[in-house]
Amino acid sequence: MPVHEWEGTLFGRQTRFKMTSVTGHIYGADFPKQYNNWDSCEPRDLFGAEVIKIESNPKQHIVKHLDLESKGCTHLILFLDCDREGENICFEVISCTKKNLIGKSKKNNILRAKFSAISEAEINRAMHALTTPNELEAKAVDVRQELDLKIGCAFTRFQTRFFQGKYSNLDSSVVSFGPCQTPTLALCVKRHDEILSFVPSPFWTLELLIETGNGKISLDSVRGRIFEKQKAVKLKKSLDLVAHVAIDKVSVDKKTVQRPHALNTVEMLRSASSGLGIGPHECMNIAERLYIQGFISYPRTETSKYPPGFDINEILIQHREHRSWGSIVTSLLKDGFDIPQGGHDAGDHPPITPMAPAQEGYELSGDAWRLYDYISRHFLATLLPNQQYNRTTIHVSVSIDGSSEQFTWQGNRVIKPGFADVMPWKLMHDDAIPQALQPGTQFRINQVLLKDGLTSPPPYLSESDLIEKMEKLGIGTDASMAVHINNICQRRYVQVQGNQRLLVPTNLGIVLIHGLQAIDPELALPTLRSQMEKAVNLVAEGKQQAQEVLSSELQVFSTKFETFSSKIELMDQLFEATFSPLASSGKPFSKCGRCRRYMHFVPLRPARLHCRTCNETFSLPGNGNIKLYKELVCPLDGFEMVLFSMGSKSKGFPVCPNCYNHPPYDSIESAMGCNQCLHPTCIHSLVTNGICQCPQEACKGTLVLDATSAPRWKIGCNQCNLVSCFSDSVNDIQFTGNVCESCFSKEMRVAFQKKMNQEDLIGCVVCDDALDALLETKMAKRGFVRRGRGRRRGRGRGRR
């Protein structure tokens, strides 16, 4: 993390300032090591498990960085996001730095800055209004994190283990549950059920085509839809006998389209999805980048009303030279504007507004520009007048069978575009309005139309519709709604379809919700989450202790978990009717080490091997290809090994299915490939092919020679994704049995293709430039120090 230093004043005294940053939460909530193995821990035990804080991004060394930079400082000023998550991060920073502060009263020297935009004026204002961090809000976040972790993991582990061991085509690596995620999915499934259960009804409508001096116009019956065919046909026959009609009345009404309220997060997400085709999750990512770059104000806010004292002129002045809307800004500054009324002041952050000006193709481009352009235009629209238009209505009555049938025609004409000058997609459409039509004027009926149709089901929920429903029902916060929608997409519970971004549930999503409703309908409703959020709010307000809320909420969900797990057969009946049993899926692939019969390979997500004789399932590495590996057998258990590969230039290693699921060594918890195996003589083990420690920061893995990759030789880390391929000129690589005297890496002999007519090289990839030059990823750039060049032996292909 960069550190900026400068001289300034603090509380009237000359001060040396140091400024650095963090990348979101420093710590994340997790279980201790003994609870992380799904096979050795019962899901119900998680409700009473300890929760620990672990560093979120250990490779970035944020904790170490803050500890180092805070030494010798007297004050800590926290400029974190001004919401509960920001308060929680404040106390994470405090935990890393407080011990290093100099002074008697460390607590009084820890200060909080409240701001809503990264601008000079806003930062200066915040520095002159410093306050203290809110520990209650930080504790509320801790409570919610622990509840989400325990509830989500308990239900998810139980569901995943139960169903993945029985069905092959779930098409999801995890069958997850979440207190917010599940009610969000339930809304999509509810709309799907409404569509399937919808029974269309036939209807008929009547129209009159009349001839005017300006051409034909069509008048609609005020009856609207008629659901009795006999009645509709009778009315048409009666109307066919009428030759002329007279205009009863022509009315012109002035209508108004209200300008928008100030922009909050929910409205930004809805508009980005429906108008720009940008999904909620991507929209929030873009908005956060724009905020960090100083182009918009803080994008997480529930407020849709400009607070008193909000300096609108300051923003307008920055944009008066903008080539897209500078002329509108100039007019607003010259002629003045009315502060918009209405909206909601949630008391958190001001609405989302543009800050620094940006031009398309220069500072911003693509979706970043499109979102910035929308935010800027929305801001200006809130200051412009309402749109005004006239609605002309022509009223006609026809006397038939002793009664009067009413018909009307309507058309609109814009008077003042108002805010639509800056939001042209909101401009009303002008209709061609017949001229010189007076009451009493008679016209010939050209034709009577009887049109038929069928009622249609509601459409699938769009992302915009879903966000609106989530806000109404209190599912998630303005900041987390996008995450929940993204989760149900990533879990393959719904698919986003079409330009309207409709959310169509998959079979898995439908069966999951129907199963929950069969066991305990409340698990799929937003009421449980709503009650939890209310309890968490009490912690933030200091009205209830954090531990009391934790105990109470965990008891509620623990009881529901016991009911859920005891009645899982009700959900299983739905799965059985929808998905293929694992025992009848897949093709014979590799032999089981226990019964020596062929196990069947199920390539669908997640990839698995299933032994029908032993009735056991073995998970395999994901996101790659699985092949049979020469029918070689693991020396530890007799299972035939398979080969996992992510591509010719990516990670690959042999896998024993049994060792991968049940590692034979206590030091390895799960998912052990042969490149981690400690077998002393196996030609594929870490002991045989390990080279040296991985050079990646904070990675504890080992670089391993991929002996399966010949003739495209490569080395890769057995923990992180570091992979480096040797040049195509390399024909063979063998270890010499020696280690480098400088770095203790294994020495290797590299033989070249015959056509290269080049001597063998002996050395290590860490210290020898000649060997390092053969690798695509240079180890010199990874923090290693090397010496000299590799030693050469023999001529041509050399001696082995």
# chains A, B, ... in the order shown; residues from 1 in each chain; ligands from 1
$ residues_around --residues "Phe653 (chain A)" --least-positions-apart "5" --cutoff "10 Å" --atoms "only C-alpha atoms" --output "compact mmCIF listing (two decimals) with C-alpha atoms, in the first residue's frame"
# COMPACT_ATOMS: atom_id res chain seq x y z
CA VAL A 642 -6.63 -39.47 -13.06
CA LEU A 643 -5.02 -36.42 -14.64
CA PHE A 644 -6.37 -32.93 -13.94
CA SER A 645 -5.42 -30.14 -16.36
CA MET A 646 -6.49 -26.53 -16.84
CA GLY A 673 -3.23 -33.83 -5.41
CA CYS A 674 -0.14 -35.88 -6.15
CA ASN A 675 1.84 -32.62 -6.21
CA GLN A 676 1.23 -32.41 -2.43
CA HIS A 684 4.45 -38.18 -9.03
CA SER A 685 4.81 -37.10 -5.40
CA VAL A 704 6.73 -28.69 -8.49
CA LEU A 705 7.90 -30.05 -11.83
CA ASP A 706 4.84 -31.22 -13.78
CA ALA A 707 6.10 -34.58 -15.02
CA THR A 708 2.86 -35.15 -16.94
CA SER A 709 3.28 -32.13 -19.19
CA GLY A 716 3.81 -24.82 -10.97
CA ASN A 718 0.99 -26.81 -5.55
$ select_by_dssp --residues "region 16-78 of chain A" --states "strand (DSSP E or B)" --output "ChimeraX atom specification"
/A:16-19,27-30,52-55,76-78
$ write_last_selection --atoms "C-alpha atoms" --output "CSV table (one decimal), in the first residue's frame"
chain,number,residue,atom,x,y,z
A,16,ARG,CA,3.8,15.6,10.0
A,17,PHE,CA,1.0,13.6,8.3
A,18,LYS,CA,1.2,10.1,6.9
A,19,MET,CA,-1.7,8.7,4.8
A,27,TYR,CA,-10.3,-9.3,8.6
A,28,GLY,CA,-13.0,-11.8,7.7
A,29,ALA,CA,-15.1,-14.1,10.0
A,30,ASP,CA,-14.2,-17.8,9.8
A,52,ILE,CA,-12.3,-16.2,14.6
A,53,LYS,CA,-11.0,-13.2,12.6
A,54,ILE,CA,-8.5,-14.1,9.9
A,55,GLU,CA,-6.7,-11.7,7.6
A,76,LEU,CA,-5.1,8.2,14.1
A,77,ILE,CA,-7.7,9.8,11.8
A,78,LEU,CA,-10.0,7.3,10.1
$ residues_around --residues "Ile433 (chain A)" --least-positions-apart "2" --cutoff "8 Å" --atoms "only C-alpha atoms" --output "PyMOL selection string"
chain A and resi 392+411-412+431+435
$ atom_distance --atom1 "CA of Lys107 (chain A)" --atom2 "CA of Ala535 (chain A)"
28.4 Å
$ atom_distance --atom1 "CA of Asp452 (chain A)" --atom2 "CA of Thr205 (chain A)"
6.5 Å
$ residues_around --residues "Lys104 (chain A)" --least-positions-apart "6" --cutoff "12 Å" --atoms "only C-alpha atoms" --output "ChimeraX atom specification"
/A:74-75,98
$ write_last_selection --atoms "C-alpha atoms" --output "mmCIF file, in the first residue's frame"
data_model
loop_
_atom_site.group_PDB
_atom_site.id
_atom_site.type_symbol
_atom_site.label_atom_id
_atom_site.label_comp_id
_atom_site.auth_asym_id
_atom_site.auth_seq_id
_atom_site.Cartn_x
_atom_site.Cartn_y
_atom_site.Cartn_z
ATOM 1 C CA THR A 74 0.306 10.336 18.031
ATOM 2 C CA HIS A 75 -3.118 10.442 16.317
ATOM 3 C CA LYS A 98 -3.647 1.457 18.619
#
$ atom_distance --atom1 "CA of Thr455 (chain A)" --atom2 "CA of Val199 (chain A)"
8.3 Å
$ closest_residue --among "A:Thr382, A:Asn537, A:Gln447, A:Asn109" --to "His261 (chain A)" --atoms "only C-alpha atoms"
A:Thr382
$ closest_residue --among "A:Gln406, A:Gln547, A:Ser271, A:Asn386" --to "Leu206 (chain A)" --atoms "only C-alpha atoms"
A:Gln406
$ closest_atom_pairs --of "region 379-451 of chain A" --to "region 337-358 of chain A" --cutoff "8 Å" --atoms "only C-alpha atoms" --output "CSV"
residue,atom,partner,partner_atom,distance
A:Phe379,CA,A:Thr353,CA,5.9
A:Thr382,CA,A:Pro340,CA,6.3
A:Leu383,CA,A:Phe337,CA,5.9
A:Leu384,CA,A:Phe337,CA,6.8
$ select_by_dssp --residues "region 282-371 of chain A" --states "alpha helix (DSSP H)" --output "PyMOL selection string"
chain A and resi 282-292+312-318+326-335+366-371
$ residues_around --residues "region 222-235 of chain A" --least-positions-apart "5" --cutoff "10 Å" --atoms "only C-alpha atoms" --output "PyMOL selection string"
chain A and resi 201-207+240+395+400-401+405-409+450-455
$ write_last_selection --atoms "N, CA and C atoms" --output "PDB file, in the first residue's frame"
ATOM      1  N   SER A 201     -57.324 -16.310 -20.508  1.00  0.00           N
ATOM      2  CA  SER A 201     -58.757 -16.162 -20.769  1.00  0.00           C
ATOM      3  C   SER A 201     -58.946 -15.368 -22.055  1.00  0.00           C
ATOM      4  N   PRO A 202     -59.885 -15.797 -22.930  1.00  0.00           N
ATOM      5  CA  PRO A 202     -60.138 -15.036 -24.156  1.00  0.00           C
ATOM      6  C   PRO A 202     -60.915 -13.755 -23.843  1.00  0.00           C
ATOM      7  N   PHE A 203     -60.631 -12.722 -24.622  1.00  0.00           N
ATOM      8  CA  PHE A 203     -61.388 -11.473 -24.459  1.00  0.00           C
ATOM      9  C   PHE A 203     -61.511 -10.808 -25.822  1.00  0.00           C
ATOM     10  N   TRP A 204     -62.415  -9.818 -25.873  1.00  0.00           N
ATOM     11  CA  TRP A 204     -62.673  -9.106 -27.120  1.00  0.00           C
ATOM     12  C   TRP A 204     -62.736  -7.611 -26.816  1.00  0.00           C
ATOM     13  N   THR A 205     -62.309  -6.795 -27.767  1.00  0.00           N
ATOM     14  CA  THR A 205     -62.388  -5.337 -27.639  1.00  0.00           C
ATOM     15  C   THR A 205     -63.014  -4.758 -28.899  1.00  0.00           C
ATOM     16  N   LEU A 206     -63.691  -3.611 -28.715  1.00  0.00           N
ATOM     17  CA  LEU A 206     -64.374  -2.939 -29.824  1.00  0.00           C
ATOM     18  C   LEU A 206     -63.663  -1.642 -30.164  1.00  0.00           C
ATOM     19  N   GLU A 207     -63.545  -1.389 -31.474  1.00  0.00           N
ATOM     20  CA  GLU A 207     -62.967  -0.136 -31.950  1.00  0.00           C
ATOM     21  C   GLU A 207     -63.833   0.416 -33.074  1.00  0.00           C
ATOM     22  N   ASP A 240     -72.740  -2.129 -36.262  1.00  0.00           N
ATOM     23  CA  ASP A 240     -72.665  -2.181 -37.731  1.00  0.00           C
ATOM     24  C   ASP A 240     -73.866  -1.500 -38.389  1.00  0.00           C
ATOM     25  N   HIS A 395     -64.470  12.445 -27.141  1.00  0.00           N
ATOM     26  CA  HIS A 395     -65.517  11.567 -26.591  1.00  0.00           C
ATOM     27  C   HIS A 395     -66.625  11.405 -27.620  1.00  0.00           C
ATOM     28  N   ILE A 400     -77.421   2.571 -29.123  1.00  0.00           N
ATOM     29  CA  ILE A 400     -77.840   1.297 -29.707  1.00  0.00           C
ATOM     30  C   ILE A 400     -78.680   0.541 -28.687  1.00  0.00           C
ATOM     31  N   ASP A 401     -79.744  -0.052 -29.157  1.00  0.00           N
ATOM     32  CA  ASP A 401     -80.611  -0.903 -28.323  1.00  0.00           C
ATOM     33  C   ASP A 401     -81.017  -0.203 -27.025  1.00  0.00           C
ATOM     34  N   GLU A 405     -73.223   3.561 -26.001  1.00  0.00           N
ATOM     35  CA  GLU A 405     -71.877   3.013 -25.951  1.00  0.00           C
ATOM     36  C   GLU A 405     -70.872   4.150 -26.101  1.00  0.00           C
ATOM     37  N   GLN A 406     -69.915   4.227 -25.172  1.00  0.00           N
ATOM     38  CA  GLN A 406     -68.952   5.323 -25.161  1.00  0.00           C
ATOM     39  C   GLN A 406     -67.625   4.872 -25.787  1.00  0.00           C
ATOM     40  N   PHE A 407     -67.095   5.754 -26.625  1.00  0.00           N
ATOM     41  CA  PHE A 407     -65.791   5.517 -27.258  1.00  0.00           C
ATOM     42  C   PHE A 407     -64.931   6.767 -27.086  1.00  0.00           C
ATOM     43  N   THR A 408     -63.630   6.595 -26.983  1.00  0.00           N
ATOM     44  CA  THR A 408     -62.720   7.738 -26.818  1.00  0.00           C
ATOM     45  C   THR A 408     -61.460   7.552 -27.662  1.00  0.00           C
ATOM     46  N   TRP A 409     -60.855   8.667 -27.968  1.00  0.00           N
ATOM     47  CA  TRP A 409     -59.521   8.699 -28.589  1.00  0.00           C
ATOM     48  C   TRP A 409     -58.667   9.674 -27.777  1.00  0.00           C
ATOM     49  N   LEU A 450     -63.956  -5.776 -34.224  1.00  0.00           N
ATOM     50  CA  LEU A 450     -64.047  -6.625 -33.035  1.00  0.00           C
ATOM     51  C   LEU A 450     -62.755  -7.439 -32.974  1.00  0.00           C
ATOM     52  N   LYS A 451     -61.876  -7.110 -32.044  1.00  0.00           N
ATOM     53  CA  LYS A 451     -60.578  -7.774 -31.939  1.00  0.00           C
ATOM     54  C   LYS A 451     -60.590  -8.757 -30.778  1.00  0.00           C
ATOM     55  N   ASP A 452     -59.978  -9.904 -31.020  1.00  0.00           N
ATOM     56  CA  ASP A 452     -59.909 -10.896 -29.954  1.00  0.00           C
ATOM     57  C   ASP A 452     -58.482 -11.003 -29.429  1.00  0.00           C
ATOM     58  N   GLY A 453     -58.356 -11.529 -28.234  1.00  0.00           N
ATOM     59  CA  GLY A 453     -57.043 -11.701 -27.623  1.00  0.00           C
ATOM     60  C   GLY A 453     -57.114 -12.646 -26.439  1.00  0.00           C
ATOM     61  N   LEU A 454     -55.974 -12.931 -25.879  1.00  0.00           N
ATOM     62  CA  LEU A 454     -55.878 -13.773 -24.689  1.00  0.00           C
ATOM     63  C   LEU A 454     -55.128 -13.016 -23.605  1.00  0.00           C
ATOM     64  N   THR A 455     -55.625 -13.132 -22.387  1.00  0.00           N
ATOM     65  CA  THR A 455     -54.878 -12.533 -21.278  1.00  0.00           C
ATOM     66  C   THR A 455     -53.523 -13.239 -21.173  1.00  0.00           C
TER      67      THR A 455
END
$ residues_around --residues "Thr578 (chain A)" --least-positions-apart "5" --cutoff "10 Å" --atoms "only C-alpha atoms" --output "list in words"
Tyr167, Asn169, Leu170, Asn507, Leu508, Val511, Asp572 and Gln573 of chain A
$ write_last_selection --atoms "all heavy atoms" --output "PDB file, in the first residue's frame"
ATOM      1  N   TYR A 167     -27.312 -37.108  -6.664  1.00  0.00           N
ATOM      2  CA  TYR A 167     -27.749 -36.705  -8.002  1.00  0.00           C
ATOM      3  C   TYR A 167     -26.574 -36.160  -8.805  1.00  0.00           C
ATOM      4  O   TYR A 167     -25.672 -35.521  -8.273  1.00  0.00           O
ATOM      5  CB  TYR A 167     -28.867 -35.665  -7.908  1.00  0.00           C
ATOM      6  CG  TYR A 167     -30.038 -36.181  -7.102  1.00  0.00           C
ATOM      7  CD1 TYR A 167     -30.231 -35.783  -5.788  1.00  0.00           C
ATOM      8  CD2 TYR A 167     -30.924 -37.106  -7.657  1.00  0.00           C
ATOM      9  CE1 TYR A 167     -31.288 -36.283  -5.037  1.00  0.00           C
ATOM     10  CE2 TYR A 167     -31.980 -37.609  -6.909  1.00  0.00           C
ATOM     11  CZ  TYR A 167     -32.155 -37.195  -5.606  1.00  0.00           C
ATOM     12  OH  TYR A 167     -33.194 -37.711  -4.871  1.00  0.00           O
ATOM     13  N   ASN A 169     -26.748 -34.335 -12.068  1.00  0.00           N
ATOM     14  CA  ASN A 169     -26.882 -33.182 -12.955  1.00  0.00           C
ATOM     15  C   ASN A 169     -27.429 -31.942 -12.250  1.00  0.00           C
ATOM     16  O   ASN A 169     -28.284 -31.229 -12.768  1.00  0.00           O
ATOM     17  CB  ASN A 169     -27.771 -33.529 -14.155  1.00  0.00           C
ATOM     18  CG  ASN A 169     -29.129 -34.092 -13.744  1.00  0.00           C
ATOM     19  OD1 ASN A 169     -29.291 -34.580 -12.635  1.00  0.00           O
ATOM     20  ND2 ASN A 169     -30.087 -34.028 -14.643  1.00  0.00           N
ATOM     21  N   LEU A 170     -26.954 -31.682 -11.042  1.00  0.00           N
ATOM     22  CA  LEU A 170     -27.368 -30.472 -10.322  1.00  0.00           C
ATOM     23  C   LEU A 170     -26.790 -29.222 -10.965  1.00  0.00           C
ATOM     24  O   LEU A 170     -27.327 -28.130 -10.824  1.00  0.00           O
ATOM     25  CB  LEU A 170     -26.922 -30.545  -8.853  1.00  0.00           C
ATOM     26  CG  LEU A 170     -27.507 -31.691  -8.018  1.00  0.00           C
ATOM     27  CD1 LEU A 170     -26.992 -31.599  -6.584  1.00  0.00           C
ATOM     28  CD2 LEU A 170     -29.029 -31.654  -8.027  1.00  0.00           C
ATOM     29  N   ASN A 507     -33.994 -25.355 -12.898  1.00  0.00           N
ATOM     30  CA  ASN A 507     -34.631 -26.467 -12.180  1.00  0.00           C
ATOM     31  C   ASN A 507     -34.130 -26.548 -10.745  1.00  0.00           C
ATOM     32  O   ASN A 507     -34.901 -26.823  -9.815  1.00  0.00           O
ATOM     33  CB  ASN A 507     -34.352 -27.785 -12.905  1.00  0.00           C
ATOM     34  CG  ASN A 507     -35.187 -27.936 -14.157  1.00  0.00           C
ATOM     35  OD1 ASN A 507     -36.225 -27.294 -14.294  1.00  0.00           O
ATOM     36  ND2 ASN A 507     -34.742 -28.763 -15.080  1.00  0.00           N
ATOM     37  N   LEU A 508     -32.818 -26.324 -10.561  1.00  0.00           N
ATOM     38  CA  LEU A 508     -32.251 -26.409  -9.215  1.00  0.00           C
ATOM     39  C   LEU A 508     -32.848 -25.339  -8.309  1.00  0.00           C
ATOM     40  O   LEU A 508     -33.213 -25.610  -7.154  1.00  0.00           O
ATOM     41  CB  LEU A 508     -30.728 -26.276  -9.283  1.00  0.00           C
ATOM     42  CG  LEU A 508     -29.986 -26.325  -7.944  1.00  0.00           C
ATOM     43  CD1 LEU A 508     -30.279 -27.622  -7.208  1.00  0.00           C
ATOM     44  CD2 LEU A 508     -28.482 -26.151  -8.163  1.00  0.00           C
ATOM     45  N   VAL A 511     -36.619 -26.284  -7.529  1.00  0.00           N
ATOM     46  CA  VAL A 511     -36.761 -27.409  -6.616  1.00  0.00           C
ATOM     47  C   VAL A 511     -36.302 -27.032  -5.214  1.00  0.00           C
ATOM     48  O   VAL A 511     -36.906 -27.452  -4.210  1.00  0.00           O
ATOM     49  CB  VAL A 511     -35.969 -28.624  -7.146  1.00  0.00           C
ATOM     50  CG1 VAL A 511     -35.903 -29.728  -6.104  1.00  0.00           C
ATOM     51  CG2 VAL A 511     -36.608 -29.139  -8.417  1.00  0.00           C
ATOM     52  N   ASP A 572     -36.140 -34.090  -0.898  1.00  0.00           N
ATOM     53  CA  ASP A 572     -35.504 -35.113  -1.721  1.00  0.00           C
ATOM     54  C   ASP A 572     -36.488 -35.692  -2.738  1.00  0.00           C
ATOM     55  O   ASP A 572     -36.092 -36.063  -3.850  1.00  0.00           O
ATOM     56  CB  ASP A 572     -34.946 -36.221  -0.823  1.00  0.00           C
ATOM     57  CG  ASP A 572     -34.075 -37.197  -1.586  1.00  0.00           C
ATOM     58  OD1 ASP A 572     -33.403 -36.755  -2.545  1.00  0.00           O
ATOM     59  OD2 ASP A 572     -34.053 -38.379  -1.230  1.00  0.00           O
ATOM     60  N   GLN A 573     -37.763 -35.775  -2.388  1.00  0.00           N
ATOM     61  CA  GLN A 573     -38.761 -36.275  -3.334  1.00  0.00           C
ATOM     62  C   GLN A 573     -38.819 -35.386  -4.585  1.00  0.00           C
ATOM     63  O   GLN A 573     -38.978 -35.882  -5.704  1.00  0.00           O
ATOM     64  CB  GLN A 573     -40.133 -36.318  -2.661  1.00  0.00           C
ATOM     65  CG  GLN A 573     -40.248 -37.370  -1.558  1.00  0.00           C
ATOM     66  CD  GLN A 573     -41.546 -37.241  -0.777  1.00  0.00           C
ATOM     67  OE1 GLN A 573     -42.441 -36.466  -1.146  1.00  0.00           O
ATOM     68  NE2 GLN A 573     -41.664 -37.997   0.310  1.00  0.00           N
TER      69      GLN A 573
END
$ residues_around --residues "Phe589 (chain A)" --least-positions-apart "3" --cutoff "8 Å" --atoms "only C-alpha atoms" --output "ChimeraX atom specification"
/A:598-601,628
$ write_last_selection --atoms "C-alpha atoms" --output "PDB file, in the first residue's frame"
ATOM      1  CA  TYR A 598     -14.806 -49.384 -12.560  1.00  0.00           C
ATOM      2  CA  MET A 599     -16.055 -46.148 -11.064  1.00  0.00           C
ATOM      3  CA  HIS A 600     -18.276 -43.939 -13.223  1.00  0.00           C
ATOM      4  CA  PHE A 601     -17.206 -40.413 -14.151  1.00  0.00           C
ATOM      5  CA  LEU A 628      -7.550 -41.223 -17.262  1.00  0.00           C
TER       6      LEU A 628
END
$ closest_residue --among "A:Met284, A:Ile415, A:Ala381, A:Cys717" --to "Ser480 (chain A)" --atoms "only C-alpha atoms"
A:Met284
$ closest_residue --among "A:Met423, A:Leu437, A:Ile278, A:Cys659" --to "Arg370 (chain A)" --atoms "only C-alpha atoms"
A:Ile278
$ closest_residue --among "A:Ser119, A:Ser729, A:Ser724, A:Gln696" --to "Pro711 (chain A)" --atoms "only C-alpha atoms"
A:Ser729
$ closest_residue --among "A:Ser365, A:Thr393, A:Thr182, A:Ser462" --to "Gly498 (chain A)" --atoms "only C-alpha atoms"
A:Ser462
